[in-house]
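Undergrad: The structure follows.
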Amino acid sequence: MSCIIWGCSNNNPSTADPSVHYYVFPKHPLIAQQWITASGWPPEEIDINVARICSIHFNEDSYTTEVKIIEYMTCYTKVLKYDAVPTLYLPLTTQIVIKDSDPHEELREMIVFASEPDSAPEPKKPPVEPVIPEQDLEKYKHVQTKEQLEALENCNRSIRQNISKLEDNLKSLKESLTNQMEYYKAKDVELSNLHQEYLRSKRAYLSLQEQKALLSKVFSESQIKILSGRKKIYWSNDDMAVGYTIRHLSNKRCYVYLTKKLNIPLPAVSSIKRWMTLKGEGRKGVDNASFKKAEAEAEDEDSD
């Protein structure tokens, strides 16, 4: 992009100032004609659809300031007026003067005198404002005074502060959530380890039914109840017969050793005596002499 003004340093892209802003020709024909005249080129050599004039040729009165609200922030932008005409750093004004020559000269000599405009120090180039995208200003059309603008700015500042606080709170909540997730993750690992240990211990120990099934191969149901912690039970005839047999084939000390030292659940000697008495009274067809002899031996051993 380059400037159309004749002699401008910005008409060459290689030497143009990148901070300069370029303006298109206005649509109004009269103002466009003034721009063409100021450019120093013949009108037929200028295509106003593509030609541009840079910002250094316009004075401060050619600009106006517009207020734009972008993301709740107030921005001030310099905008070229619709009727602005370039007046600075224009091409040299030329004046042609014809002098009378000597009569012997066949032709007249044309002498061209160039008159420069009033010399003035080169003004500082105005800073180029950043190009701000167009915004919908319908919702800000009620802002007409400086006080309303200040009130809107204060409101925007308060909103930004609240947003900053909310962002800080959100950050704190995210950190707390991360810590809680790590804590529960550690608890899940601990619970998983406990579950695995429970499964191993469950496989290592037999259930009550399995224990009873295993003990039933050696002990009777009444003996299993004694081993399970029951204090008082009712011995069956088979249990009494086993106890009587062991008592009859051994002495008292052997029977006590089995029941007290080895903790083998057997009926007490007194219970065996009562059972022998009851069974002796109702027994028929059995050698009463041998039965009474065994009962007497039991009584003798009990009295020892």
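Naming works like this for the structure tokens: A, B, ... for the chains as they're shown, residue 1 at the start of each chain, ligands 1 onward in shown order.
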Using only C-alpha atoms, which protein or nucleic acid residues come within 7 Å of stretch 40-52 of chain A? Drop anything in the same chain fewer than 3 positions from it, and give the result as a PyMOL selection string.
TA: chain A and resi 2-6+22-25+36-37+91
Undergrad: Measure the distance from atom CA of A:Trp35 to atom CA of A:Thr87 in Å and round it to one decimal.
TA: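 A separation of 9.4 Å between them.
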Undergrad: Give the answer as one residue: which of A:Thr277, A:Thr74, A:Asn263, A:Thr245 has the shortest atom-to-atom distance to A:Gln223, using only C-alpha atoms?
TA: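 The closest residue to A:Gln223 is A:Asn263.
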Undergrad: Would you kindly return, as a JSON list (two decimals) with N, CA, C and O atoms, in the first residue's frame, each protein, DNA or RNA residue with an atom no farther than 12 Å from any atom of A:Ser236, considering only C-alpha atoms and excluding same-chain residues fewer than 2 positions away?
TA:
[["chain", "number", "residue", "atom", "x", "y", "z"],
["A", 220, "SER", "N", -19.22, -86.39, 67.33],
["A", 220, "SER", "CA", -20.67, -86.41, 67.18],
["A", 220, "SER", "C", -21.21, -84.99, 67.22],
["A", 220, "SER", "O", -20.47, -84.02, 67.45],
["A", 221, "GLU", "N", -22.50, -84.85, 66.99],
["A", 221, "GLU", "CA", -23.11, -83.53, 66.98],
["A", 221, "GLU", "C", -23.01, -82.86, 68.34],
["A", 221, "GLU", "O", -22.75, -81.66, 68.44],
["A", 222, "SER", "N", -23.21, -83.63, 69.43],
["A", 222, "SER", "CA", -23.12, -83.07, 70.77],
["A", 222, "SER", "C", -21.69, -82.63, 71.08],
["A", 222, "SER", "O", -21.45, -81.58, 71.70],
["A", 223, "GLN", "N", -20.70, -83.41, 70.65],
["A", 223, "GLN", "CA", -19.31, -83.04, 70.87],
["A", 223, "GLN", "C", -18.95, -81.74, 70.10],
["A", 223, "GLN", "O", -18.20, -80.91, 70.59],
["A", 233, "ILE", "N", -25.45, -79.41, 77.26],
["A", 233, "ILE", "CA", -26.03, -80.12, 76.13],
["A", 233, "ILE", "C", -26.67, -81.41, 76.64],
["A", 233, "ILE", "O", -26.49, -81.80, 77.79],
["A", 234, "TYR", "N", -27.37, -82.07, 75.78],
["A", 234, "TYR", "CA", -27.96, -83.38, 76.07],
["A", 234, "TYR", "C", -27.22, -84.42, 75.25],
["A", 234, "TYR", "O", -27.25, -84.39, 74.03],
["A", 238, "ASP", "N", -25.58, -92.76, 71.85],
["A", 238, "ASP", "CA", -24.31, -93.12, 71.22],
["A", 238, "ASP", "C", -23.15, -92.46, 71.95],
["A", 238, "ASP", "O", -22.10, -93.08, 72.16],
["A", 239, "ASP", "N", -23.31, -91.18, 72.34],
["A", 239, "ASP", "CA", -22.25, -90.49, 73.07],
["A", 239, "ASP", "C", -22.01, -91.17, 74.43],
["A", 239, "ASP", "O", -20.86, -91.35, 74.86],
["A", 240, "MET", "N", -23.12, -91.55, 75.10],
["A", 240, "MET", "CA", -22.99, -92.22, 76.39],
["A", 240, "MET", "C", -22.32, -93.59, 76.21],
["A", 240, "MET", "O", -21.48, -94.00, 77.03],
["A", 241, "ALA", "N", -22.67, -94.28, 75.12],
["A", 241, "ALA", "CA", -22.07, -95.61, 74.89],
["A", 241, "ALA", "C", -20.58, -95.47, 74.62],
["A", 241, "ALA", "O", -19.77, -96.28, 75.11],
["A", 242, "VAL", "N", -20.17, -94.45, 73.86],
["A", 242, "VAL", "CA", -18.74, -94.23, 73.61],
["A", 242, "VAL", "C", -18.02, -93.91, 74.91],
["A", 242, "VAL", "O", -16.94, -94.44, 75.20],
["A", 243, "GLY", "N", -18.62, -93.01, 75.71],
["A", 243, "GLY", "CA", -18.00, -92.67, 76.99],
["A", 243, "GLY", "C", -17.91, -93.87, 77.91],
["A", 243, "GLY", "O", -16.90, -94.07, 78.60],
["A", 266, "LEU", "N", -16.30, -85.46, 76.16],
["A", 266, "LEU", "CA", -16.90, -86.74, 76.54],
["A", 266, "LEU", "C", -17.85, -86.51, 77.71],
["A", 266, "LEU", "O", -17.68, -85.55, 78.47],
["A", 267, "PRO", "N", -18.83, -87.37, 77.87],
["A", 267, "PRO", "CA", -19.74, -87.21, 79.01],
["A", 267, "PRO", "C", -18.99, -87.34, 80.33],
["A", 267, "PRO", "O", -17.97, -88.05, 80.43],
["A", 271, "SER", "N", -22.49, -88.57, 84.73],
["A", 271, "SER", "CA", -23.54, -88.74, 83.72],
["A", 271, "SER", "C", -23.54, -90.16, 83.19],
["A", 271, "SER", "O", -24.60, -90.75, 82.94],
["A", 272, "ILE", "N", -22.35, -90.75, 83.05],
["A", 272, "ILE", "CA", -22.27, -92.14, 82.58],
["A", 272, "ILE", "C", -22.88, -93.08, 83.62],
["A", 272, "ILE", "O", -23.57, -94.04, 83.27],
["A", 275, "TRP", "N", -26.60, -92.85, 83.42],
["A", 275, "TRP", "CA", -27.06, -93.52, 82.19],
["A", 275, "TRP", "C", -26.98, -95.03, 82.35],
["A", 275, "TRP", "O", -27.86, -95.76, 81.90]]
Undergrad: Pick from A:Tyr198, A:Arg157, A:Ala84, A:Ser39: nearest to A:Ser62, with only C-alpha atoms counted?
TA: A:Ala84
Undergrad: Which value, in Å to one decimal, gives the distance between atom CA of A:Lys146 and atom CA of A:Asp61?
TA: 21.9 Å
Undergrad: When you count only C-alpha atoms, which of these residues is closest to A:Leu152: A:Arg247, A:Ile69, A:Ser176, A:Ser164?
TA: A:Ile69
Undergrad: What does the structure give for the distance between atom CA of A:Pro265 and atom CA of A:Gly229, in Å to one decimal?
TA: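 These atoms are spaced 11.0 Å apart.
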Undergrad: Rank nothing, just name the residue among A:Lys171, A:Ala213, A:Met73, A:Leu191 nearest to A:Leu149, using only C-alpha atoms.
TA: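 Smallest separation from A:Leu149 among the options: A:Met73.
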